[in-house]
Each structure stands twice: as C-alpha cells, then as structure tokens.
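Text of model-v1.tsv (TSV, C-alpha atoms) as supplied:
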```tsv
chain	number	residue	atom	x	y	z
F	13	MET	CA	10.44	-29.40	-4.57
F	14	ASP	CA	10.03	-25.68	-3.88
F	15	ARG	CA	7.69	-23.91	-6.24
F	16	ILE	CA	6.87	-20.34	-7.19
F	17	ILE	CA	3.48	-19.47	-8.60
F	18	VAL	CA	3.08	-16.22	-10.55
F	19	THR	CA	-0.49	-14.96	-10.96
F	20	GLN	CA	0.22	-12.88	-14.04
F	21	SER	CA	-3.32	-11.50	-14.36
F	22	ARG	CA	-2.73	-9.43	-11.19
F	23	CYS	CA	0.62	-7.96	-12.28
F	24	LYS	CA	0.74	-4.24	-13.12
F	25	GLN	CA	4.31	-4.20	-14.39
F	26	CYS	CA	5.57	-1.91	-11.62
F	27	GLY	CA	8.95	-3.63	-11.72
F	28	LEU	CA	9.69	-3.71	-7.98
F	29	CYS	CA	10.21	-7.47	-8.02
F	30	VAL	CA	12.44	-7.31	-11.08
F	31	ALA	CA	14.55	-4.58	-9.48
F	32	HIS	CA	14.97	-6.44	-6.18
F	33	CYS	CA	15.57	-9.97	-7.55
F	34	LYS	CA	19.23	-10.64	-6.85
F	35	GLN	CA	19.12	-13.80	-8.98
F	36	GLU	CA	17.90	-11.83	-12.02
F	37	ALA	CA	15.26	-14.53	-12.38
F	38	LEU	CA	12.42	-12.15	-13.16
F	39	SER	CA	11.63	-10.33	-16.38
F	40	PHE	CA	8.61	-8.93	-18.20
F	41	SER	CA	6.65	-11.16	-20.53
F	42	ALA	CA	6.23	-10.14	-24.18
F	43	VAL	CA	2.54	-10.99	-23.94
F	44	PHE	CA	0.18	-8.34	-22.60
F	45	THR	CA	-2.46	-9.02	-19.95
F	46	GLU	CA	-6.09	-8.06	-20.49
F	47	ALA	CA	-5.40	-4.92	-18.46
F	48	GLY	CA	-2.64	-3.93	-20.87
F	49	TYR	CA	0.43	-4.73	-18.80
F	50	ARG	CA	3.39	-6.93	-19.66
F	51	PRO	CA	3.37	-9.16	-16.58
F	52	VAL	CA	6.37	-10.54	-14.78
F	53	GLN	CA	7.61	-14.01	-15.62
F	54	VAL	CA	10.06	-16.19	-13.75
F	55	ASP	CA	13.05	-18.17	-14.96
F	56	ASP	CA	12.74	-21.31	-12.84
F	57	ALA	CA	16.36	-22.26	-13.46
F	58	LYS	CA	17.57	-19.06	-11.76
F	59	CYS	CA	14.91	-18.67	-9.06
F	60	ILE	CA	15.90	-19.81	-5.56
F	61	LYS	CA	12.44	-19.13	-4.04
F	62	CYS	CA	13.90	-16.66	-1.54
F	63	GLY	CA	10.60	-14.77	-1.34
F	64	ILE	CA	11.92	-11.23	-1.90
F	65	CYS	CA	9.49	-10.81	-4.81
F	66	TYR	CA	6.61	-11.80	-2.55
F	67	LEU	CA	7.78	-9.27	0.05
F	68	VAL	CA	8.00	-6.27	-2.30
F	69	CYS	CA	5.01	-7.02	-4.57
F	70	PRO	CA	2.07	-4.64	-4.00
F	71	ASP	CA	-0.28	-6.72	-6.12
F	72	ARG	CA	-0.32	-10.22	-4.61
F	73	VAL	CA	1.24	-11.82	-7.68
F	74	PHE	CA	3.58	-14.32	-6.02
F	75	THR	CA	3.08	-17.48	-4.00
F	76	ILE	CA	6.05	-19.46	-2.74
F	77	ILE	CA	5.50	-23.07	-1.76
F	78	GLY	CA	8.35	-24.53	0.23
F	79	ALA	CA	9.02	-28.24	0.29
F	80	PRO	CA	11.42	-30.33	2.39
F	81	GLY	CA	14.74	-30.75	0.64
F	82	GLY	CA	14.22	-27.75	-1.62
F	83	LYS	CA	17.22	-25.93	-3.02
F	84	ALA	CA	16.52	-22.65	-1.25
F	85	SER	CA	17.22	-23.53	2.36
F	86	ALA	CA	20.71	-22.03	2.64
F	87	LYS	CA	19.85	-18.84	0.74
F	88	GLN	CA	16.60	-18.44	2.65
F	89	SER	CA	18.24	-18.53	6.07
F	90	ALA	CA	20.92	-16.13	4.86
F	91	SER	CA	18.37	-13.60	3.66
F	92	ALA	CA	16.06	-13.90	6.69
M	2	MET	CA	13.31	-25.80	2.09
M	3	ALA	CA	12.00	-22.44	1.08
M	4	VAL	CA	9.69	-20.66	3.50
M	5	SER	CA	6.18	-20.81	2.11
M	6	ARG	CA	4.69	-17.40	1.44
M	7	LYS	CA	1.07	-17.15	0.49
M	8	VAL	CA	-1.14	-14.09	0.44
M	9	PRO	CA	-3.61	-14.31	3.37
M	10	ALA	CA	-7.11	-15.41	2.40
M	11	ILE	CA	-8.77	-12.16	3.48
M	12	ILE	CA	-6.89	-10.21	0.78
M	13	ASP	CA	-6.50	-12.87	-1.88
M	14	ARG	CA	-7.96	-10.88	-4.76
M	15	GLU	CA	-6.91	-8.15	-7.16
M	16	THR	CA	-6.38	-4.56	-6.07
M	17	SER	CA	-7.18	-1.41	-8.02
M	18	PHE	CA	-4.21	0.67	-6.91
M	19	CYS	CA	-1.84	2.28	-9.41
M	20	PRO	CA	1.26	0.27	-10.39
M	21	GLY	CA	3.92	0.53	-7.69
M	22	CYS	CA	1.62	2.02	-5.05
M	23	GLY	CA	2.70	1.20	-1.51
M	24	HIS	CA	-0.85	0.62	-0.29
M	25	GLY	CA	-0.84	-2.94	-1.63
M	26	ILE	CA	2.28	-3.82	0.34
M	27	VAL	CA	0.95	-2.37	3.61
M	28	ILE	CA	-2.40	-4.09	3.26
M	29	ARG	CA	-0.69	-7.42	2.77
M	30	LEU	CA	1.44	-6.82	5.87
M	31	ILE	CA	-1.66	-5.99	7.93
M	32	ALA	CA	-3.40	-9.16	6.73
M	33	GLU	CA	-0.33	-11.28	7.49
M	34	CYS	CA	-0.12	-9.84	11.02
M	35	LEU	CA	-3.84	-10.40	11.61
M	36	GLU	CA	-3.42	-14.00	10.48
M	37	GLU	CA	-0.43	-14.54	12.75
M	38	LEU	CA	-2.34	-13.07	15.70
M	39	GLY	CA	-5.40	-15.22	14.96
M	40	GLN	CA	-7.50	-12.12	14.25
M	41	ASP	CA	-8.04	-12.45	10.50
M	42	ASN	CA	-11.64	-13.56	10.99
M	43	ASN	CA	-12.24	-11.20	13.90
M	44	VAL	CA	-11.55	-7.81	12.36
M	45	ILE	CA	-13.40	-4.78	11.02
M	46	PHE	CA	-11.70	-2.13	8.88
M	47	PRO	CA	-13.13	1.38	9.11
M	48	LEU	CA	-11.76	2.88	5.90
M	49	GLY	CA	-10.90	6.46	5.11
M	50	VAL	CA	-11.83	8.27	1.93
M	51	GLY	CA	-9.25	8.41	-0.83
M	52	CYS	CA	-6.92	5.73	-2.10
M	53	SER	CA	-7.20	4.06	1.32
M	54	SER	CA	-10.84	3.34	0.54
M	55	LEU	CA	-9.72	1.12	-2.35
M	56	LEU	CA	-8.75	-1.35	0.37
M	57	GLY	CA	-12.46	-2.20	0.50
M	58	GLY	CA	-12.43	-3.80	-2.92
M	59	GLY	CA	-9.38	-5.89	-2.07
M	60	LEU	CA	-10.70	-7.29	1.20
M	61	VAL	CA	-12.76	-10.37	1.97
M	62	THR	CA	-13.71	-9.28	5.47
M	63	ASP	CA	-15.88	-6.75	7.30
M	64	ARG	CA	-15.20	-3.11	6.54
M	65	LEU	CA	-17.01	0.21	6.50
M	66	HIS	CA	-16.37	3.14	4.22
M	67	CYS	CA	-16.45	6.09	6.63
M	68	PRO	CA	-17.12	9.79	6.07
M	69	HIS	CA	-13.98	11.64	5.04
M	70	GLY	CA	-11.48	11.82	7.91
M	71	ARG	CA	-13.79	10.14	10.41
M	72	ALA	CA	-12.49	6.57	10.38
M	73	SER	CA	-10.96	6.93	13.84
M	74	ALA	CA	-14.30	8.15	15.23
M	75	VAL	CA	-16.13	5.25	13.59
M	76	ALA	CA	-13.45	2.90	14.92
M	77	THR	CA	-14.10	4.25	18.40
M	78	GLY	CA	-17.77	3.41	18.14
M	79	MET	CA	-17.07	-0.05	16.74
M	80	LYS	CA	-14.61	-0.84	19.50
M	81	ARG	CA	-16.89	0.32	22.27
M	82	CYS	CA	-19.72	-1.82	20.91
M	83	GLU	CA	-17.53	-4.83	20.13
M	84	PRO	CA	-14.54	-4.67	22.48
M	85	ASP	CA	-13.27	-8.12	21.51
M	86	VAL	CA	-13.19	-7.44	17.79
M	87	THR	CA	-9.95	-6.05	16.33
M	88	ILE	CA	-10.58	-2.64	14.77
M	89	VAL	CA	-8.10	-1.28	12.22
M	90	ALA	CA	-8.73	2.26	10.98
M	91	TYR	CA	-7.00	2.42	7.59
M	92	GLN	CA	-6.49	5.98	6.40
M	93	GLY	CA	-4.32	8.12	4.18
M	94	ASP	CA	-2.47	11.22	5.30
M	95	GLY	CA	-4.99	13.57	3.70
M	96	ASP	CA	-7.88	11.73	5.32
M	97	ALA	CA	-6.42	11.15	8.78
M	98	TYR	CA	-4.57	14.45	9.18
M	99	SER	CA	-5.76	17.21	6.84
M	100	ILE	CA	-9.48	16.38	6.85
M	101	GLY	CA	-9.90	14.39	10.03
M	102	ILE	CA	-7.28	15.62	12.46
M	103	ALA	CA	-9.93	16.32	15.12
M	104	GLU	CA	-11.25	12.76	15.11
M	105	THR	CA	-7.80	11.24	14.70
M	106	LEU	CA	-6.29	13.21	17.56
M	107	ASN	CA	-9.30	12.77	19.83
M	108	ALA	CA	-9.14	8.98	19.47
M	109	ALA	CA	-5.45	9.09	20.40
M	110	TYR	CA	-6.09	11.57	23.22
M	111	ARG	CA	-8.68	9.26	24.78
M	112	ASN	CA	-6.29	6.33	24.30
M	113	GLU	CA	-9.02	4.35	22.55
M	114	ASN	CA	-8.09	0.71	22.16
M	115	ILE	CA	-7.92	0.83	18.36
M	116	THR	CA	-5.19	0.67	15.72
M	117	MET	CA	-4.84	3.45	13.17
M	118	ILE	CA	-2.65	2.78	10.13
M	119	ALA	CA	-1.89	5.96	8.17
M	120	ILE	CA	-0.40	5.81	4.70
M	121	ASN	CA	1.68	8.95	4.16
M	122	ASN	CA	2.33	9.63	0.48
M	123	THR	CA	2.62	13.41	0.99
M	124	ASN	CA	-0.47	14.30	-1.05
M	125	PHE	CA	-4.16	13.63	-1.67
M	126	GLY	CA	-3.56	10.80	-4.11
M	127	MET	CA	-6.98	9.81	-5.40
M	128	THR	CA	-8.18	13.30	-6.28
M	129	GLY	CA	-5.14	14.19	-8.34
M	130	GLY	CA	-2.29	15.00	-5.98
M	131	GLN	CA	-3.38	18.04	-3.98
M	132	MET	CA	-1.30	19.38	-1.10
M	133	SER	CA	-1.92	17.75	2.29
M	134	TRP	CA	-0.52	18.40	5.75
M	135	THR	CA	2.33	16.02	5.05
M	136	THR	CA	3.37	17.56	1.73
M	137	MET	CA	7.08	18.32	1.91
M	138	PRO	CA	8.35	21.94	2.05
M	139	GLY	CA	8.76	23.12	-1.54
M	140	GLN	CA	6.93	20.13	-3.01
M	141	LYS	CA	4.90	20.97	-6.09
M	142	THR	CA	1.35	19.67	-6.13
M	143	THR	CA	-1.74	20.63	-8.07
M	144	THR	CA	-2.68	23.07	-5.28
M	145	SER	CA	0.87	24.26	-4.60
M	146	PRO	CA	2.14	24.67	-8.17
M	147	LYS	CA	5.07	26.83	-7.07
M	148	GLY	CA	6.00	24.47	-4.26
M	149	ARG	CA	4.67	24.32	-0.71
M	150	ASP	CA	5.37	27.57	1.12
M	151	CYS	CA	5.46	26.63	4.80
M	152	ALA	CA	5.36	30.29	5.83
M	153	VAL	CA	1.79	30.31	4.51
M	154	THR	CA	0.65	26.72	5.00
M	155	GLY	CA	2.42	25.68	8.21
M	156	ASN	CA	4.89	22.85	8.44
M	157	PRO	CA	4.27	19.17	7.65
M	158	ILE	CA	2.82	17.28	10.62
M	159	ARG	CA	4.67	14.46	12.36
M	160	PHE	CA	1.75	12.56	13.83
M	161	PRO	CA	3.38	9.55	15.56
M	162	GLU	CA	5.85	11.84	17.34
M	163	LEU	CA	2.99	14.12	18.37
M	164	VAL	CA	0.85	11.45	19.99
M	165	ALA	CA	3.85	9.67	21.50
M	166	SER	CA	5.08	12.84	23.20
M	167	GLN	CA	1.76	14.42	24.20
M	168	PHE	CA	-0.73	11.60	24.83
M	169	ASP	CA	-0.91	8.41	26.83
M	170	VAL	CA	-0.91	6.00	23.89
M	171	ALA	CA	0.23	2.39	23.79
M	172	TYR	CA	2.30	2.38	20.62
M	173	ALA	CA	3.39	4.81	17.89
M	174	ALA	CA	5.82	4.15	15.04
M	175	ARG	CA	6.74	5.14	11.50
M	176	GLY	CA	8.10	2.90	8.76
M	177	ALA	CA	8.64	2.96	5.01
M	178	VAL	CA	8.13	0.41	2.22
M	179	THR	CA	11.16	1.30	0.13
M	180	SER	CA	13.17	-1.92	0.45
M	181	PRO	CA	12.70	-5.53	1.57
M	182	LYS	CA	14.43	-4.74	4.86
M	183	ARG	CA	12.26	-1.72	5.56
M	184	ILE	CA	9.13	-3.67	4.59
M	185	ALA	CA	10.05	-6.37	7.12
M	186	THR	CA	10.46	-3.64	9.75
M	187	VAL	CA	7.06	-2.14	8.92
M	188	LYS	CA	5.55	-5.57	9.44
M	189	LYS	CA	7.13	-5.71	12.88
M	190	TYR	CA	5.64	-2.31	13.72
M	191	ILE	CA	2.18	-3.28	12.49
M	192	LYS	CA	2.26	-6.51	14.43
M	193	ASN	CA	3.24	-4.61	17.58
M	194	ALA	CA	0.37	-2.18	17.03
M	195	LEU	CA	-2.19	-4.93	16.52
M	196	ALA	CA	-0.85	-6.96	19.44
M	197	ALA	CA	-1.20	-3.89	21.65
M	198	GLN	CA	-4.86	-3.68	20.73
M	199	VAL	CA	-5.46	-7.40	21.23
M	200	ASN	CA	-3.88	-7.09	24.69
M	201	LYS	CA	-6.10	-4.08	25.42
M	202	GLU	CA	-3.13	-1.78	25.97
M	203	GLY	CA	-4.71	1.24	24.27
M	204	TYR	CA	-4.27	3.34	21.14
M	205	SER	CA	-1.70	2.19	18.61
M	206	THR	CA	-0.69	3.81	15.36
M	207	VAL	CA	1.76	3.17	12.55
M	208	GLU	CA	2.45	5.71	9.82
M	209	VAL	CA	3.94	4.28	6.64
M	210	LEU	CA	5.85	6.39	4.12
M	211	SER	CA	4.56	5.14	0.80
M	212	PRO	CA	5.32	6.02	-2.82
M	213	CYS	CA	2.78	7.73	-5.07
M	214	PRO	CA	4.49	7.43	-8.47
M	215	THR	CA	1.42	8.62	-10.36
M	216	ASN	CA	1.08	11.99	-8.64
M	217	TRP	CA	4.78	12.53	-8.00
M	218	GLY	CA	5.48	12.14	-11.72
M	219	LEU	CA	8.19	9.57	-11.06
M	220	ASP	CA	8.71	5.96	-11.98
M	221	VAL	CA	8.38	3.43	-9.18
M	222	LEU	CA	12.06	3.17	-8.34
M	223	GLY	CA	12.42	6.95	-8.59
M	224	ALA	CA	9.58	7.33	-6.09
M	225	MET	CA	11.28	4.93	-3.68
M	226	LYS	CA	14.49	6.91	-4.07
M	227	ARG	CA	12.65	10.15	-3.30
M	228	ILE	CA	11.37	8.67	-0.02
M	229	GLU	CA	14.86	7.58	0.97
M	230	GLU	CA	16.63	10.81	0.04
M	231	GLU	CA	14.04	13.50	0.67
M	232	ILE	CA	11.23	12.29	2.89
M	233	ILE	CA	12.89	10.06	5.49
M	234	PRO	CA	15.25	12.86	6.60
M	235	TYR	CA	12.14	14.90	7.51
M	236	TYR	CA	10.05	11.97	8.73
M	237	PRO	CA	12.43	9.77	10.76
M	238	LEU	CA	11.65	6.08	11.01
M	239	GLY	CA	11.32	4.13	14.22
M	240	GLU	CA	9.21	3.47	17.29
M	241	PHE	CA	8.34	6.68	19.13
M	242	LYS	CA	6.32	4.97	21.83
M	243	LYS	CA	7.15	1.37	22.56
M	244	ARG	CA	4.80	-1.07	24.20
M	245	GLU	CA	5.16	-1.40	27.94
M	246	GLU	CA	4.99	-4.63	29.88
M	247	ARG	CA	1.58	-4.92	31.49
```

Would you write out, as structure tokens, the structure that this file holds?
Amino acid sequence: MDRIIVTQSRCKQCGLCVAHCKQEALSFSAVFTEAGYRPVQVDDAKCIKCGICYLVCPDRVFTIIGAPGGKASAKQSASA
Amino acid sequence: MAVSRKVPAIIDRETSFCPGCGHGIVIRLIAECLEELGQDNNVIFPLGVGCSSLLGGGLVTDRLHCPHGRASAVATGMKRCEPDVTIVAYQGDGDAYSIGIAETLNAAYRNENITMIAINNTNFGMTGGQMSWTTMPGQKTTTSPKGRDCAVTGNPIRFPELVASQFDVAYAARGAVTSPKRIATVKKYIKNALAAQVNKEGYSTVEVLSPCPTNWGLDVLGAMKRIEEEIIPYYPLGEFKKREER
C-alpha cells in the first residue's frame, strides 16, 4: 500500500503544501513543534499520494513510498 | 502505484531557511538531479555568502564557503584541479551579480566547465533585504526606501540572457519555483545544466526566481503571486542557450 511519511519536526508552517493539495488532505496540527510551528498533518483517507506536497515543500518534510497496487496510480499518471 | 519520492541522502537533514523560502526547493532539485546523473557522491559545492551559504548546513557532501561573490572563481580552481568532479557554484543574486559580477562573468567568458546556480530573490536576503542588481524598478528595500530609482542605480541585470547572447557558453536558462509545474521545469533546466558539465560541454547556468517572504513583507503565497505578476514579466523564463549536440 502507498504510504506518505510526514517529518513534522522539519515543518515551518509555510503552507505551500496545504495551498497546493488538490485533495485538501493537508492541514496544520494543533500541536506546536519545538521550533514553535504548527506542523502540517495529513488526512490519510483523502491523500492519494500524488507527490505534489513533496514537490513544493522547501523543508524536506514529505516522503512518498509507492507500492504495487496502490490507489494512486491513475491520479499519478494524470498529474505527471 | 504511487511514484516513490524521497529526499536524496545528501540533503536529508533540516534546513535553516525562513518559512516558504525558495532555496530549499532548489537545493532539493539540484540533489535529485545529481542523484539521477550518478554525481551525488562526486560533487563539490562552492557556496556564496548570504542565504545561499545556509546550503552548507543542509548538505551531507563536500562544500566550501567562498569569499563573498567569488564562488565562480573558486569553482574554476576546483574544476581545473579535479576535472572529473562535478562543481556546482551555488550563489544568490547579491553574491553572484552585485558583489561578484567580475568573477561570475569571467567564468562564463572563459566557458569554464562548471555549473552556476543563482537564486534571484531581488534583494540581499540574509543581511536584511538591501537593494541588489536584480531589485525591481520601484521596489522598496532597506537601502532604497523610496523605491529603486533606475535613473540613479542602473537597470536590473538579466544574467542568463547576457551570457547566452555575448559568450560561448553551453547552457543558460531561467526558471521560477512558484507552482508545481514551474518547479518541474526548473528541475529540467538544472538537470540540463549539470548534464552539460558532466559531458564537458562548458559553462552552464540556471537562474531561479525565488520568493523572499521575510524581506518582501508578504506571506508565502503573496510572494509567489508577486513573482508571477511583477517579476516574471521583467525576467522572462526559458532556455536562452540550449545545449548543442556534440
């Protein structure tokens, strides 16, 4: 199954990923990081692992791990 | 199946840039291209002074913090001593153009086989947003509080167009990091530039229009909008010198 890993400790709450996520799967956590930011969090039910968040993130927060048979194949090829 | 996307190992650590700064995106693109070209463990970054020097803390590879504006000169020396190592001079607009235009232009003039990536955020970011050679006409900065008066300061420089039209360089392009599509295009430009160096075609440069929300006094999306509406019309995007078949 496809997975998305969010390294919240690196997030600086710039909001680029939230603004560009067409699935509206990203939002800001209510819990602050040590650096004082409210990091991004992902709603796994909405996320299609398209990788747009990875592309726009300046802070290396996201990792997408694709797996055979994952649900993102059609969307991924459409957005490529 | 989703396409796996993982930050390359040579940059897999935190950065110290401001929130929304474009540097982090460009650095990731460079690292991805190096990885795809098999050069990620065969690279040295001569770094400029300014926000570009913060790349040093985010890298797990060889790099040298150069005197202000002199990264292209240092890159020249590195390349001549180690011709098979990929050399990427990473500089800001203030460093590469305002402070170091002599070294930057001379490296291009000699068609040195190096790659120079210039991040153009239209000001000296790290020191508080002073006017640089790329500051837009009328733009207010800490050293042009009434707006840049080009009758006094000269006009903003268009470096890739300059070297593409005047010098015998291998590749010159300009991109922007304002949207996923534009980011993908910048990656294509950077990969072309690095491939040109690996193939020993000569000097390659990519200028990237990048937001500086902190010094522009805008939020991140507002800064991206400013690039699209105000800066790109002055600094057109595209490849000004394409690679030639050799």

Per residue of chain M within 9 Å of chain F, note the shortest atom pair and the distance in Å to one decimal, counting all atoms listed in the file, and order the rows by chain and increasing residue number, as a Markdown table.
```
| residue | atom | partner | partner_atom | distance |
| --- | --- | --- | --- | --- |
| M:Met2 | CA | F:Gly82 | CA | 4.3 |
| M:Ala3 | CA | F:Gly78 | CA | 4.3 |
| M:Val4 | CA | F:Gly78 | CA | 5.2 |
| M:Ser5 | CA | F:Ile77 | CA | 4.5 |
| M:Arg6 | CA | F:Ile76 | CA | 4.9 |
| M:Lys7 | CA | F:Thr75 | CA | 4.9 |
| M:Val8 | CA | F:Arg72 | CA | 6.4 |
| M:Ile12 | CA | F:Arg72 | CA | 8.5 |
| M:Asp13 | CA | F:Arg72 | CA | 7.3 |
| M:Arg14 | CA | F:Arg72 | CA | 7.7 |
| M:Glu15 | CA | F:Arg22 | CA | 5.9 |
| M:Thr16 | CA | F:Asp71 | CA | 6.5 |
| M:Ser17 | CA | F:Asp71 | CA | 8.9 |
| M:Phe18 | CA | F:Asp71 | CA | 8.4 |
| M:Cys19 | CA | F:Lys24 | CA | 7.9 |
| M:Pro20 | CA | F:Cys26 | CA | 5.0 |
| M:Gly21 | CA | F:Cys26 | CA | 4.9 |
| M:Cys22 | CA | F:Pro70 | CA | 6.8 |
| M:Gly23 | CA | F:Pro70 | CA | 6.4 |
| M:His24 | CA | F:Pro70 | CA | 7.1 |
| M:Gly25 | CA | F:Pro70 | CA | 4.1 |
| M:Ile26 | CA | F:Pro70 | CA | 4.4 |
| M:Val27 | CA | F:Pro70 | CA | 8.0 |
| M:Ile28 | CA | F:Pro70 | CA | 8.5 |
| M:Arg29 | CA | F:Pro70 | CA | 7.8 |
| M:Leu30 | CA | F:Leu67 | CA | 8.9 |
| M:Val178 | CA | F:Val68 | CA | 8.1 |
| M:Thr179 | CA | F:Val68 | CA | 8.6 |
| M:Ser180 | CA | F:Val68 | CA | 7.3 |
| M:Pro181 | CA | F:Val68 | CA | 6.1 |
| M:Ile184 | CA | F:Leu67 | CA | 7.3 |
| M:Ala185 | CA | F:Leu67 | CA | 8.0 |
| M:Asp220 | CA | F:Cys26 | CA | 8.5 |
| M:Val221 | CA | F:Cys26 | CA | 6.5 |
| M:Leu222 | CA | F:Leu28 | CA | 7.3 |
```

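Contact shell of Lys201 in chain M at 12 Å (only C-alpha atoms; same-chain neighbours under 6 positions omitted): Lys80, Pro84, Asp85, Val86, Thr87, Ile88, Asn112, Glu113, Asn114, Ile115, Thr116, Val170, Ala171, Tyr172, Ala194, Leu195, Arg244, Glu245, Glu246 and Arg247 of chain M.
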
ask   = Do you know which residues are at most 7 Å from range 40-49 of chain M counting only C-alpha atoms, after dropping those on the same chain fewer than 3 positions away, and could you put them as a list in words?
value = Ala32, Leu35, Glu36, Ser53, Ser54, Asp63, Arg64, Leu65, His66, Cys67, His69, Gly70, Ala72, Val75, Ala76, Val86, Thr87, Ile88, Val89, Ala90, Tyr91, Gln92, Gly93 and Asp96 of chain M

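For the atom pair formed by CA of Pro138 in chain M and CA of Phe241 in chain M, the distance is 22.9 Å, given to one decimal.
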
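Computed from the coordinates, the CA of Trp217 in chain M to CA of Thr136 in chain M distance equals 11.0 Å.
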
task = Could you jot down the CA of Ala119 in chain M to CA of Cys82 in chain M separation for me, Å, one decimal place?
result = 23.3 Å

May I have the centre and edge lengths, in Å to one decimal, of an axis-aligned box around the listed atoms of range 20-31 of chain F with 4 Å added to every side, as AutoDock Vina command-line options?
```
--center_x 5.6 --center_y -7.4 --center_z -11.2 --size_x 25.9 --size_y 19.0 --size_z 14.4
```

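Taking all atoms listed in the file into account, Gly129 in chain M lies nearest to M:Cys213 out of the set M:Leu55, M:Cys151, M:Met79, M:Cys213.
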
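Candidate residues F:Val52, F:Val18, F:Ala47, F:Ala42 were compared for distance to Val30 in chain F, and the nearest is F:Val52, using only C-alpha atoms.
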